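Asker: What follows is model_34.txt, compact mmCIF, C-alpha atoms.
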# COMPACT_ATOMS: atom_id res chain seq x y z
CA MET A 1 30.97 100.48 38.51
CA ASN A 2 31.21 96.71 38.80
CA LEU A 3 28.43 94.26 39.71
CA PHE A 4 28.88 95.00 43.40
CA GLY A 5 28.60 98.77 43.03
CA THR A 6 32.33 99.36 43.57
CA PRO A 7 34.06 101.87 41.27
CA MET A 8 36.22 100.20 38.65
CA LEU A 9 39.98 100.70 38.97
CA ALA A 10 41.66 103.04 36.53
CA GLN A 11 44.07 101.19 34.21
CA SER A 12 45.38 104.05 32.10
CA ASP A 13 48.62 104.48 34.06
CA ILE A 14 49.73 100.83 33.83
CA PRO A 15 52.72 100.41 31.50
CA MET A 16 51.98 97.99 28.69
CA PRO A 17 54.80 96.81 26.40
CA GLU A 18 54.10 96.27 22.73
CA SER A 19 54.49 92.51 23.24
CA ALA A 20 51.43 92.60 25.52
CA LYS A 21 49.33 94.48 22.97
CA VAL A 22 50.23 92.57 19.79
CA HIS A 23 50.77 88.82 20.01
CA SER A 24 53.88 88.18 17.94
CA GLY A 25 54.86 84.71 19.15
CA SER A 26 53.54 81.31 18.18
CA TYR A 27 49.92 80.21 18.53
CA TRP A 28 50.73 78.77 21.95
CA PHE A 29 53.32 81.14 23.40
CA PRO A 30 54.62 84.72 23.24
CA ASP A 31 58.07 85.43 21.81
CA GLN A 32 61.03 83.66 23.38
CA ALA A 33 63.34 86.20 25.05
CA SER A 34 65.33 83.97 27.39
CA ALA A 35 67.88 81.19 26.99
CA PHE A 36 65.57 78.96 29.05
CA ALA A 37 62.45 79.51 26.95
CA PRO A 38 63.15 77.11 24.01
CA ASN A 39 63.62 74.08 26.27
CA TYR A 40 60.44 74.79 28.19
CA ASP A 41 58.43 75.29 25.02
CA PHE A 42 59.81 72.06 23.54
CA LEU A 43 58.95 70.06 26.67
CA TYR A 44 55.46 71.54 26.81
CA MET A 45 54.77 70.66 23.17
CA ALA A 46 56.26 67.18 23.62
CA ILE A 47 53.95 66.46 26.59
CA LEU A 48 51.01 67.91 24.67
CA TRP A 49 51.51 65.70 21.60
CA ILE A 50 52.31 62.59 23.66
CA SER A 51 49.00 63.17 25.45
CA VAL A 52 47.17 63.71 22.17
CA VAL A 53 48.54 60.49 20.67
CA PHE A 54 47.70 58.37 23.72
CA PHE A 55 44.27 60.00 24.01
CA ALA A 56 43.53 59.22 20.37
CA LEU A 57 44.73 55.61 20.72
CA ILE A 58 42.86 54.91 23.94
CA VAL A 59 39.60 56.57 22.90
CA GLY A 60 39.86 55.12 19.40
CA PHE A 61 40.27 51.55 20.66
CA MET A 62 37.55 52.12 23.23
CA ILE A 63 35.06 53.19 20.56
CA TYR A 64 36.13 50.30 18.31
CA PHE A 65 35.66 47.71 21.05
CA CYS A 66 32.33 49.22 22.10
CA ILE A 67 31.04 48.79 18.59
CA LYS A 68 32.64 45.40 17.87
CA TYR A 69 31.58 43.76 21.13
CA ARG A 70 28.23 45.41 21.63
CA ARG A 71 25.38 43.21 22.77
CA ARG A 72 23.34 41.90 19.83
CA GLU A 73 20.28 39.72 19.80
CA GLY A 74 21.09 36.10 19.13
CA VAL A 75 24.84 36.63 19.39
CA GLY A 76 26.58 35.31 22.49
CA PRO A 77 29.91 36.50 23.90
CA GLU A 78 33.04 35.32 22.13
CA PRO A 79 35.68 33.48 24.12
CA SER A 80 38.66 35.64 25.01
CA SER A 81 41.96 35.17 26.81
CA SER A 82 42.40 36.69 30.26
CA HIS A 83 46.09 37.40 29.85
CA ASN A 84 48.44 38.74 27.13
CA THR A 85 52.03 39.22 28.24
CA ALA A 86 53.18 41.17 25.20
CA ILE A 87 50.39 43.74 25.45
CA GLU A 88 50.85 44.14 29.20
CA ILE A 89 54.60 44.74 28.79
CA PHE A 90 53.88 47.25 26.01
CA TRP A 91 51.41 49.36 27.99
CA SER A 92 53.60 49.27 31.12
CA VAL A 93 57.15 49.70 29.80
CA ILE A 94 56.58 52.22 27.02
CA PRO A 95 54.64 54.75 29.18
CA SER A 96 57.20 54.27 31.97
CA ILE A 97 60.05 55.15 29.61
CA ILE A 98 58.16 58.23 28.44
CA LEU A 99 57.44 59.34 32.03
CA VAL A 100 61.10 58.91 33.04
CA TRP A 101 62.17 61.04 30.05
CA ILE A 102 59.63 63.74 30.92
CA PHE A 103 60.90 63.79 34.52
CA TYR A 104 64.54 63.95 33.38
CA ALA A 105 63.92 66.76 30.86
CA GLY A 106 61.86 68.77 33.35
CA ALA A 107 64.40 68.34 36.17
CA ARG A 108 67.28 69.23 33.86
CA ASP A 109 65.63 72.46 32.73
CA TYR A 110 64.51 73.32 36.27
CA PHE A 111 67.98 72.94 37.76
CA ASP A 112 69.51 74.89 34.86
CA MET A 113 67.19 77.73 35.81
CA ARG A 114 67.81 77.42 39.57
CA VAL A 115 71.62 77.17 39.59
CA PRO A 116 73.17 80.66 39.89
CA PHE A 117 75.48 81.99 37.21
CA ASP A 118 79.04 82.76 38.32
CA ASP A 119 79.04 86.18 36.64
CA ALA A 120 75.40 87.09 37.27
CA GLU A 121 74.49 90.73 37.90
CA GLU A 122 72.53 91.13 41.14
CA ILE A 123 69.38 93.24 41.09
CA TYR A 124 67.30 93.76 44.23
CA VAL A 125 63.53 93.60 43.79
CA THR A 126 61.00 94.95 46.28
CA ALA A 127 57.32 94.12 45.80
CA ASN A 128 54.47 95.73 47.69
CA GLN A 129 50.84 96.55 47.08
CA PHE A 130 50.86 97.44 44.23
CA ASN A 131 54.33 98.47 43.10
CA TRP A 132 57.59 97.09 41.84
CA LYS A 133 60.96 98.61 42.70
CA PHE A 134 64.26 97.48 41.16
CA VAL A 135 67.64 98.53 42.59
CA TYR A 136 70.73 98.00 40.41
CA PRO A 137 74.36 97.42 41.50
CA ASP A 138 75.30 101.06 40.85
CA GLY A 139 72.46 102.32 43.06
CA ASP A 140 70.07 103.29 40.27
CA VAL A 141 66.39 102.67 41.01
CA SER A 142 63.50 102.16 38.59
CA LYS A 143 59.91 101.00 38.48
CA GLU A 144 60.62 98.87 35.40
CA LEU A 145 63.10 96.00 35.19
CA HIS A 146 65.99 96.91 32.86
CA LEU A 147 68.38 94.18 31.71
CA VAL A 148 71.26 93.88 29.25
CA VAL A 149 71.02 91.28 26.49
CA ASN A 150 73.10 88.12 27.04
CA ARG A 151 74.02 89.20 30.59
CA PRO A 152 72.84 86.69 33.23
CA VAL A 153 70.98 88.18 36.18
CA LYS A 154 70.19 87.14 39.73
CA LEU A 155 67.04 88.75 41.16
CA ILE A 156 67.06 89.01 44.96
CA MET A 157 63.40 89.54 45.80
CA GLN A 158 61.48 90.48 48.94
CA SER A 159 57.92 91.47 49.80
CA GLU A 160 57.00 94.25 52.19
CA ASP A 161 53.47 93.04 52.84
CA VAL A 162 51.75 90.00 51.32
CA LEU A 163 52.54 87.16 48.95
CA HIS A 164 53.42 88.28 45.42
CA GLY A 165 54.62 86.47 42.32
CA MET A 166 57.07 87.67 39.65
CA PHE A 167 56.23 86.37 36.16
CA ILE A 168 57.79 87.29 32.80
CA PRO A 169 55.93 85.31 30.10
CA ALA A 170 58.57 85.90 27.42
CA PHE A 171 61.18 84.35 29.76
CA ARG A 172 58.84 81.48 30.81
CA GLN A 173 59.83 82.20 34.41
CA LYS A 174 57.75 82.69 37.54
CA MET A 175 58.82 82.92 41.18
CA ASP A 176 56.83 83.64 44.33
CA ILE A 177 57.95 86.54 46.54
CA VAL A 178 57.24 85.53 50.13
CA PRO A 179 56.97 87.98 53.06
CA GLY A 180 59.68 87.62 55.67
CA ARG A 181 62.30 85.97 53.46
CA TYR A 182 64.30 86.42 50.26
CA THR A 183 63.53 84.46 47.12
CA TYR A 184 65.67 84.29 44.01
CA ALA A 185 65.27 84.06 40.25
CA TYR A 186 67.98 83.65 37.64
CA LEU A 187 67.38 85.21 34.25
CA ALA A 188 69.22 84.80 30.95
CA PRO A 189 67.78 87.40 28.53
CA ASN A 190 68.88 86.84 24.94
CA ARG A 191 66.59 89.09 22.92
CA VAL A 192 66.32 92.89 22.92
CA GLY A 193 62.84 94.31 23.46
CA GLU A 194 60.11 95.17 25.94
CA TYR A 195 58.24 92.40 27.72
CA ARG A 196 55.43 92.17 30.27
CA LEU A 197 56.19 91.58 33.94
CA ALA A 198 53.25 90.91 36.24
CA CYS A 199 52.29 89.70 39.71
CA THR A 200 50.74 86.23 39.59
CA GLU A 201 49.60 85.87 43.21
CA TYR A 202 46.40 87.63 44.24
CA CYS A 203 47.61 90.43 46.54
CA GLY A 204 44.54 92.61 47.02
CA GLU A 205 41.96 94.62 45.10
CA GLY A 206 44.66 96.31 43.03
CA HIS A 207 46.31 93.04 41.98
CA SER A 208 45.50 93.54 38.30
CA ARG A 209 47.42 96.83 38.34
CA MET A 210 50.62 95.26 39.66
CA ARG A 211 52.39 94.90 36.35
CA THR A 212 55.26 96.70 34.69
CA ILE A 213 57.77 96.37 31.86
CA CYS A 214 60.91 94.26 31.57
CA GLN A 215 63.13 95.96 29.00
CA VAL A 216 66.20 94.24 27.58
CA HIS A 217 68.82 96.69 26.30
CA THR A 218 71.60 96.20 23.78
CA THR A 219 74.40 97.60 25.96
CA GLU A 220 75.14 98.57 29.57
CA GLU A 221 75.43 102.18 28.46
CA ASP A 222 71.94 102.06 26.96
CA ARG A 223 70.57 100.59 30.18
CA LYS A 224 72.42 103.18 32.26
CA ASN A 225 70.97 106.05 30.23
CA THR A 226 67.51 104.74 31.08
CA THR A 227 67.93 104.03 34.80
CA LYS A 228 70.37 106.74 35.85
CA TRP A 229 68.76 109.64 37.68
CA GLU A 230 70.46 112.60 39.32
CA ASN A 231 68.17 114.69 41.50
CA GLU A 232 70.46 117.70 41.19
CA LYS A 233 69.77 117.92 37.47
CA HIS A 234 66.01 118.16 37.86
CA VAL A 235 63.64 120.54 39.56
CA GLY A 236 62.00 119.28 42.73
CA TRP A 237 58.57 118.31 41.42
CA VAL A 238 60.11 116.25 38.59
CA ASN A 239 62.08 114.28 41.18
CA GLY A 240 58.83 113.90 43.08
CA GLU A 241 57.09 112.61 39.97
CA ARG A 242 59.72 109.88 39.64
CA LEU A 243 59.45 108.95 43.33
CA PHE A 244 55.66 108.83 42.99
CA SER A 245 55.95 106.50 40.00
CA ILE A 246 58.25 104.11 41.87
CA ASN A 247 56.62 104.16 45.30
CA CYS A 248 53.06 105.46 45.14
CA SER A 249 51.46 104.94 41.73
CA GLY A 250 50.21 101.46 42.59
CA CYS A 251 47.72 102.85 45.12
CA HIS A 252 47.19 106.51 44.12
CA SER A 253 46.14 107.96 40.78
CA ILE A 254 46.83 111.42 39.39
CA ASP A 255 43.85 111.54 37.05
CA GLY A 256 41.07 111.35 39.62
CA GLY A 257 40.61 107.60 39.12
CA VAL A 258 39.69 105.40 42.07
CA LYS A 259 42.42 103.19 43.47
CA THR A 260 43.27 101.77 46.87
CA GLY A 261 44.11 105.28 48.11
CA PRO A 262 42.80 108.75 47.25
CA ALA A 263 43.67 110.46 43.97
CA LEU A 264 46.39 113.07 44.51
CA ASN A 265 45.77 115.55 41.71
CA THR A 266 43.10 117.61 43.48
CA ILE A 267 43.67 117.21 47.21
CA TRP A 268 46.30 119.90 47.90
CA GLY A 269 44.90 122.70 50.04
CA GLU A 270 41.58 120.92 50.44
CA LYS A 271 39.96 119.60 53.59
CA GLU A 272 39.69 115.83 53.76
CA LYS A 273 37.26 114.01 56.02
CA LEU A 274 38.93 111.29 58.05
CA ILE A 275 37.59 108.07 59.49
CA GLY A 276 35.87 109.19 62.69
CA GLY A 277 34.51 112.42 61.21
CA GLU A 278 37.49 114.75 61.80
CA GLU A 279 38.48 117.10 58.96
CA ILE A 280 42.09 117.98 58.17
CA MET A 281 43.78 120.33 55.71
CA VAL A 282 46.05 118.70 53.16
CA ASP A 283 49.32 120.60 53.61
CA GLU A 284 53.02 119.83 54.06
CA ASN A 285 52.60 118.47 57.57
CA TYR A 286 49.70 116.19 56.66
CA VAL A 287 51.48 114.80 53.58
CA ARG A 288 54.67 114.18 55.58
CA GLU A 289 52.73 112.41 58.33
CA SER A 290 50.83 110.35 55.77
CA ILE A 291 54.12 109.16 54.27
CA LEU A 292 55.82 108.31 57.57
CA GLU A 293 52.75 107.24 59.58
CA PRO A 294 50.15 106.48 56.90
CA ASN A 295 47.65 104.81 59.21
CA ALA A 296 47.50 107.61 61.76
CA LYS A 297 44.90 109.60 59.82
CA ILE A 298 43.02 107.66 57.14
CA VAL A 299 40.70 109.42 54.72
CA GLU A 300 37.09 108.30 55.00
CA GLY A 301 36.22 105.58 52.51
CA TYR A 302 39.77 104.21 52.24
CA GLY A 303 40.24 102.13 55.36
CA PRO A 304 40.95 100.15 57.29
CA VAL A 305 41.47 97.47 54.63
CA SER A 306 43.37 99.85 52.33
CA LYS A 307 46.10 100.73 54.85
CA MET A 308 49.38 101.64 53.16
CA ASN A 309 52.93 100.76 54.18
CA SER A 310 55.07 103.25 56.09
CA PHE A 311 58.01 104.84 54.30
CA GLN A 312 59.83 105.56 57.55
CA GLY A 313 63.51 104.97 56.84
CA LYS A 314 62.87 104.48 53.13
CA LEU A 315 62.44 108.11 52.08
CA ASN A 316 64.55 110.91 53.55
CA ASP A 317 63.38 114.45 54.24
CA LYS A 318 64.58 115.71 50.89
CA GLU A 319 62.68 113.02 49.01
CA ILE A 320 59.55 113.71 51.03
CA GLY A 321 59.96 117.35 50.02
CA TYR A 322 60.12 116.32 46.38
CA LEU A 323 56.86 114.39 46.76
CA ILE A 324 55.20 117.39 48.40
CA ASP A 325 56.37 119.55 45.49
CA TYR A 326 54.85 117.05 43.05
CA ILE A 327 51.48 116.96 44.84
CA ARG A 328 51.44 120.76 44.84
CA TYR A 329 52.42 120.80 41.17
CA LEU A 330 49.45 118.58 40.29
CA LYS A 331 47.12 121.23 41.75
CA GLU A 332 49.08 124.40 40.91
CA PRO A 333 51.41 123.71 37.96
CA ASP A 334 51.81 127.40 37.12
CA LYS A 335 53.71 128.03 40.34
CA PHE A 336 56.53 125.64 39.46
CA PRO A 337 59.33 125.60 36.87
CA GLY A 338 58.83 123.62 33.69
CA ARG A 339 59.83 119.99 33.29
CA ASP A 340 62.88 120.83 31.17
CA ALA A 341 64.42 123.17 33.76
CA GLN A 342 67.85 121.75 34.56
CA ALA A 343 68.55 123.42 37.88
CA GLU A 344 67.01 123.82 41.32
CA PRO A 345 64.22 126.44 41.45
CA THR A 346 65.28 130.01 42.01
CA THR A 347 64.85 131.45 45.50
CA ALA A 348 61.81 133.45 44.45
CA THR A 349 60.12 130.47 42.86
CA ALA A 350 60.97 128.22 45.80
CA GLU A 351 59.60 130.74 48.28
CA GLU A 352 56.40 130.99 46.27
CA ALA A 353 56.11 127.19 46.27
CA GLY A 354 56.95 126.96 49.95
CA THR A 355 60.12 124.92 49.38
CA ALA A 356 62.84 127.55 49.70
CA LYS A 357 66.20 126.20 50.80
CA PRO A 358 69.04 128.20 52.38
CA GLU A 359 71.65 129.24 49.88
CA LYS A 360 74.99 127.48 50.16
CA PRO A 361 78.07 129.41 49.04
CA ALA A 362 79.90 127.87 46.14
CA GLU A 363 83.08 126.10 47.12
CA THR A 364 86.05 127.16 45.05
CA GLU A 365 89.34 125.35 44.74
CA ASN A 366 90.91 127.75 47.27
CA SER A 367 88.11 127.24 49.82
CA ILE A 368 88.56 123.48 49.64
CA ASP A 369 92.29 123.87 50.21
CA THR A 370 91.62 126.17 53.17
CA LYS A 371 89.23 123.66 54.77
CA THR A 372 91.78 120.90 54.33
CA GLU A 373 94.47 123.02 56.02
CA ASP A 374 92.12 123.77 58.91
CA GLN A 375 91.38 120.10 59.38
CA ASP A 376 95.09 119.28 59.33
CA ASN A 377 95.73 121.92 61.97
Could you take the file, read its structure, and then write that structure out as structure tokens?

Answerer:
Amino acid sequence: MNLFGTPMLAQSDIPMPESAKVHSGSYWFPDQASAFAPNYDFLYMAILWISVVFFALIVGFMIYFCIKYRRREGVGPEPSSSHNTAIEIFWSVIPSIILVWIFYAGARDYFDMRVPFDDAEEIYVTANQFNWKFVYPDGDVSKELHLVVNRPVKLIMQSEDVLHGMFIPAFRQKMDIVPGRYTYAYLAPNRVGEYRLACTEYCGEGHSRMRTICQVHTTEEDRKNTTKWENEKHVGWVNGERLFSINCSGCHSIDGGVKTGPALNTIWGEKEKLIGGEEIMVDENYVRESILEPNAKIVEGYGPVSKMNSFQGKLNDKEIGYLIDYIRYLKEPDKFPGRDAQAEPTTATAEEAGTAKPEKPAETENSIDTKTEDQDN
């Protein structure tokens, strides 16, 4: 519980790269993992030391003059000139030159980072409370950002709800994600590893949970092996687990912890009390309605501030079925195939789990030829 009596948010399910646990960079910064990072670090340190030198000079002379020209009994003020051209030129021209250089170096680095690369890979980013979703050119989707070393990237980012901010400290890059428009970021990863990616604009009570991992891979094949997912090779609840991680884990926990929405590991088959006092059984129909029309029936204690976004048009019926399987699995794991099962559940198992699908006869080479002939006729 915090000072206001509100349950603390569970943090155990937030991915944390090693670079966020062990500081392995310099005293001032984390490791540099982008082609832009060295220039930004150099400019920062240059401004810092210029400020230190001028601070020391100004304060030092101020203290010296305070002591030298302090009022003393019997000692009158010494005559002094009211004008010194050389000193005035020095304190005007030298700082002006330094300021012009700082502006030039900052503008140069900024425009380098804002001008798109001709061969940049485009990755679509969707931010919402409190999730990240990354869609790659081949259609793969992941909750983490996966890049290939020395391959420039253009992030095309949009928000589904409120203002968010994408920040990767190791890249020294931050860009706001504004509702109702696209914003862009150009990345140039040059070091393999895992790095922290976080939201830097306060986006609600779960803002601190809106972080994930940016992983830079050595090859495209290595990246593909991480992001590629074929539903047909996994049993339904495993597909649902992945969809939950990408779309739902920002607001719902699976360990009973309190988040923006109810925990999902114990609700299946239970009666939930809604705002208004009505009770409803958590079954397939309720879960489906909650996904497509999430604000139609809100569980007591979780609204109206904690309203979730609708997934109408974002998840198809099959994917909703996978999520239902996963919620059922959390409550009744013994009724479902193991994680390593490489095929769809058998008819008996599917019937027991309530997700039986009609059998489709296998298409042989001859049957395909026959269908083609029929279409030609």

Asker: Closest to Asp112 in chain A among A:Asn190, A:Asn39, A:Gln129, A:Thr85, using only C-alpha atoms?

Answerer: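 Of the candidates, the smallest distance to Asp112 in chain A is held by A:Asn39.
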
Asker: Go through A:Lys68, A:His207, A:Lys228, A:Lys271 one by one, measure the shortest atom-to-atom distance of each to Ser142 in chain A using all atoms listed in the file, and give the residue with the smallest value.

Answerer: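 Of all the options, A:Lys228 lies closest to Ser142 in chain A.
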
Asker: Excluding Ile246 in chain A and any residue of its chain fewer than 4 positions from it, enumerate the residues within 7 Å of it, using all atoms listed in the file, and give them as a list in words.

Answerer: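 Final neighbour list, sorted by chain and number: Asn131, Lys133, Ser142, Lys143 and Arg242 of chain A.
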
Asker: Provide the CA of Thr260 in chain A to CA of Glu205 in chain A distance in Å, to one decimal place.

Answerer: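 Rounded to one decimal, the two atoms are 7.5 Å apart.
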
Asker: Can you tell me how far CA of Arg196 in chain A sits from CA of Ala127 in chain A, in Å to one decimal?

Answerer: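 Going from CA of Arg196 in chain A over to CA of Ala127 in chain A, I get 15.8 Å.
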
Asker: Between A:Thr219, A:Gln32, A:Asn231, A:Ser81, single out the one closest to Asn150 in chain A, counting all atoms listed in the file.

Answerer: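 For Asn150 in chain A, the nearest of the candidates is A:Thr219.
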
Asker: Which residue, A:Glu121, A:Glu279, A:Glu144, A:Glu232, has the smallest gap to Ser245 in chain A when you use all atoms listed in the file?

Answerer: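 The closest residue to Ser245 in chain A is A:Glu144.
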
Asker: Find the residues around Phe130 in chain A up to 7 Å (only C-alpha atoms counted), leave out those fewer than 3 positions away in its own chain, and share them as a PDB file with C-alpha atoms, keeping the file's coordinate frame.

Answerer:
ATOM      1  CA  GLY A 206      44.660  96.310  43.030  1.00  0.00           C
ATOM      2  CA  HIS A 207      46.310  93.040  41.980  1.00  0.00           C
ATOM      3  CA  ARG A 209      47.420  96.830  38.340  1.00  0.00           C
ATOM      4  CA  MET A 210      50.620  95.260  39.660  1.00  0.00           C
ATOM      5  CA  GLY A 250      50.210 101.460  42.590  1.00  0.00           C
ATOM      6  CA  CYS A 251      47.720 102.850  45.120  1.00  0.00           C
TER       7      CYS A 251
END

Asker: Name the closest residue to Thr200 in chain A among the candidates A:Lys174, A:Lys224, A:Arg70, A:Arg288; distances are taken between atoms, counting all atoms listed in the file.

Answerer: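 With all atoms listed in the file as the atom set, the closest residue is A:Lys174.
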
Asker: Which is closest to Met113 in chain A among A:Tyr286, A:Phe311, A:Phe171, A:Phe54, if we use all atoms listed in the file?

Answerer: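 Among A:Tyr286, A:Phe311, A:Phe171, A:Phe54, it is A:Phe171 that comes nearest to Met113 in chain A.
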
Asker: Skip range 317-331 of chain A itself and residues of its chain fewer than 6 positions away, then list as an mmCIF file with C-alpha atoms, keeping the file's coordinate frame all residues within 9 Å of it, counting all atoms listed in the file.

Answerer:
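This went into result25.cif:
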data_model
loop_
_atom_site.group_PDB
_atom_site.id
_atom_site.type_symbol
_atom_site.label_atom_id
_atom_site.label_comp_id
_atom_site.auth_asym_id
_atom_site.auth_seq_id
_atom_site.Cartn_x
_atom_site.Cartn_y
_atom_site.Cartn_z
ATOM 1 C CA VAL A 235 63.640 120.540 39.560
ATOM 2 C CA GLY A 236 62.000 119.280 42.730
ATOM 3 C CA TRP A 237 58.570 118.310 41.420
ATOM 4 C CA VAL A 238 60.110 116.250 38.590
ATOM 5 C CA ASN A 239 62.080 114.280 41.180
ATOM 6 C CA GLY A 240 58.830 113.900 43.080
ATOM 7 C CA GLU A 241 57.090 112.610 39.970
ATOM 8 C CA ARG A 242 59.720 109.880 39.640
ATOM 9 C CA LEU A 243 59.450 108.950 43.330
ATOM 10 C CA PHE A 244 55.660 108.830 42.990
ATOM 11 C CA ILE A 254 46.830 111.420 39.390
ATOM 12 C CA LEU A 264 46.390 113.070 44.510
ATOM 13 C CA ASN A 265 45.770 115.550 41.710
ATOM 14 C CA THR A 266 43.100 117.610 43.480
ATOM 15 C CA ILE A 267 43.670 117.210 47.210
ATOM 16 C CA TRP A 268 46.300 119.900 47.900
ATOM 17 C CA GLY A 269 44.900 122.700 50.040
ATOM 18 C CA ASP A 283 49.320 120.600 53.610
ATOM 19 C CA GLU A 284 53.020 119.830 54.060
ATOM 20 C CA VAL A 287 51.480 114.800 53.580
ATOM 21 C CA ARG A 288 54.670 114.180 55.580
ATOM 22 C CA ILE A 291 54.120 109.160 54.270
ATOM 23 C CA ALA A 353 56.110 127.190 46.270
ATOM 24 C CA GLY A 354 56.950 126.960 49.950
ATOM 25 C CA THR A 355 60.120 124.920 49.380
#

Asker: Expressed in Å to a single decimal, how great is the separation between CA of Cys203 in chain A and CA of Ala263 in chain A?

Answerer: 20.6 Å

Asker: Excluding same-chain residues fewer than 5 positions from Leu163 in chain A, what lies within 10 Å of it counting all atoms listed in the file, as a ChimeraX atom specification?

Answerer: /A:127-129,158,176-180,199-204

Asker: Tell me, as a PyMOL selection string, which residues lie within 7 Å of Met175 in chain A, counting only C-alpha atoms; anything in the same chain fewer than 6 positions away does not count.

Answerer: chain A and resi 165-167+185

Asker: Write out N, CA and C atoms for range 220-236 of chain A, as an mmCIF file, in the coordinates of the input.

Answerer:
data_model
loop_
_atom_site.group_PDB
_atom_site.id
_atom_site.type_symbol
_atom_site.label_atom_id
_atom_site.label_comp_id
_atom_site.auth_asym_id
_atom_site.auth_seq_id
_atom_site.Cartn_x
_atom_site.Cartn_y
_atom_site.Cartn_z
ATOM 1 N N GLU A 220 75.206 98.025 28.214
ATOM 2 C CA GLU A 220 75.140 98.570 29.570
ATOM 3 C C GLU A 220 74.944 100.075 29.527
ATOM 4 N N GLU A 221 75.578 100.733 28.566
ATOM 5 C CA GLU A 221 75.430 102.180 28.460
ATOM 6 C C GLU A 221 73.987 102.561 28.156
ATOM 7 N N ASP A 222 73.347 101.804 27.279
ATOM 8 C CA ASP A 222 71.940 102.060 26.960
ATOM 9 C C ASP A 222 71.066 101.871 28.190
ATOM 10 N N ARG A 223 71.323 100.823 28.951
ATOM 11 C CA ARG A 223 70.570 100.590 30.180
ATOM 12 C C ARG A 223 70.821 101.708 31.171
ATOM 13 N N LYS A 224 72.067 102.133 31.308
ATOM 14 C CA LYS A 224 72.420 103.180 32.260
ATOM 15 C C LYS A 224 71.720 104.487 31.920
ATOM 16 N N ASN A 225 71.637 104.810 30.642
ATOM 17 C CA ASN A 225 70.970 106.050 30.230
ATOM 18 C C ASN A 225 69.490 106.040 30.599
ATOM 19 N N THR A 226 68.919 104.858 30.739
ATOM 20 C CA THR A 226 67.510 104.740 31.080
ATOM 21 C C THR A 226 67.277 104.794 32.584
ATOM 22 N N THR A 227 68.155 104.149 33.358
ATOM 23 C CA THR A 227 67.930 104.030 34.800
ATOM 24 C C THR A 227 68.603 105.119 35.616
ATOM 25 N N LYS A 228 69.628 105.749 35.068
ATOM 26 C CA LYS A 228 70.370 106.740 35.850
ATOM 27 C C LYS A 228 69.503 107.976 36.100
ATOM 28 N N TRP A 229 69.543 108.448 37.312
ATOM 29 C CA TRP A 229 68.760 109.640 37.680
ATOM 30 C C TRP A 229 69.551 110.442 38.697
ATOM 31 N N GLU A 230 69.764 111.716 38.399
ATOM 32 C CA GLU A 230 70.460 112.600 39.320
ATOM 33 C C GLU A 230 69.501 113.712 39.729
ATOM 34 N N ASN A 231 69.128 113.704 41.003
ATOM 35 C CA ASN A 231 68.170 114.690 41.500
ATOM 36 C C ASN A 231 68.619 116.123 41.244
ATOM 37 N N GLU A 232 69.929 116.345 41.332
ATOM 38 C CA GLU A 232 70.460 117.700 41.190
ATOM 39 C C GLU A 232 70.221 118.286 39.815
ATOM 40 N N LYS A 233 69.969 117.435 38.833
ATOM 41 C CA LYS A 233 69.770 117.920 37.470
ATOM 42 C C LYS A 233 68.306 118.192 37.141
ATOM 43 N N HIS A 234 67.439 117.991 38.104
ATOM 44 C CA HIS A 234 66.010 118.160 37.860
ATOM 45 C C HIS A 234 65.396 119.041 38.941
ATOM 46 N N VAL A 235 64.362 119.741 38.571
ATOM 47 C CA VAL A 235 63.640 120.540 39.560
ATOM 48 C C VAL A 235 62.897 119.588 40.500
ATOM 49 N N GLY A 236 62.525 120.122 41.676
ATOM 50 C CA GLY A 236 62.000 119.280 42.730
ATOM 51 C C GLY A 236 60.791 118.451 42.351
#
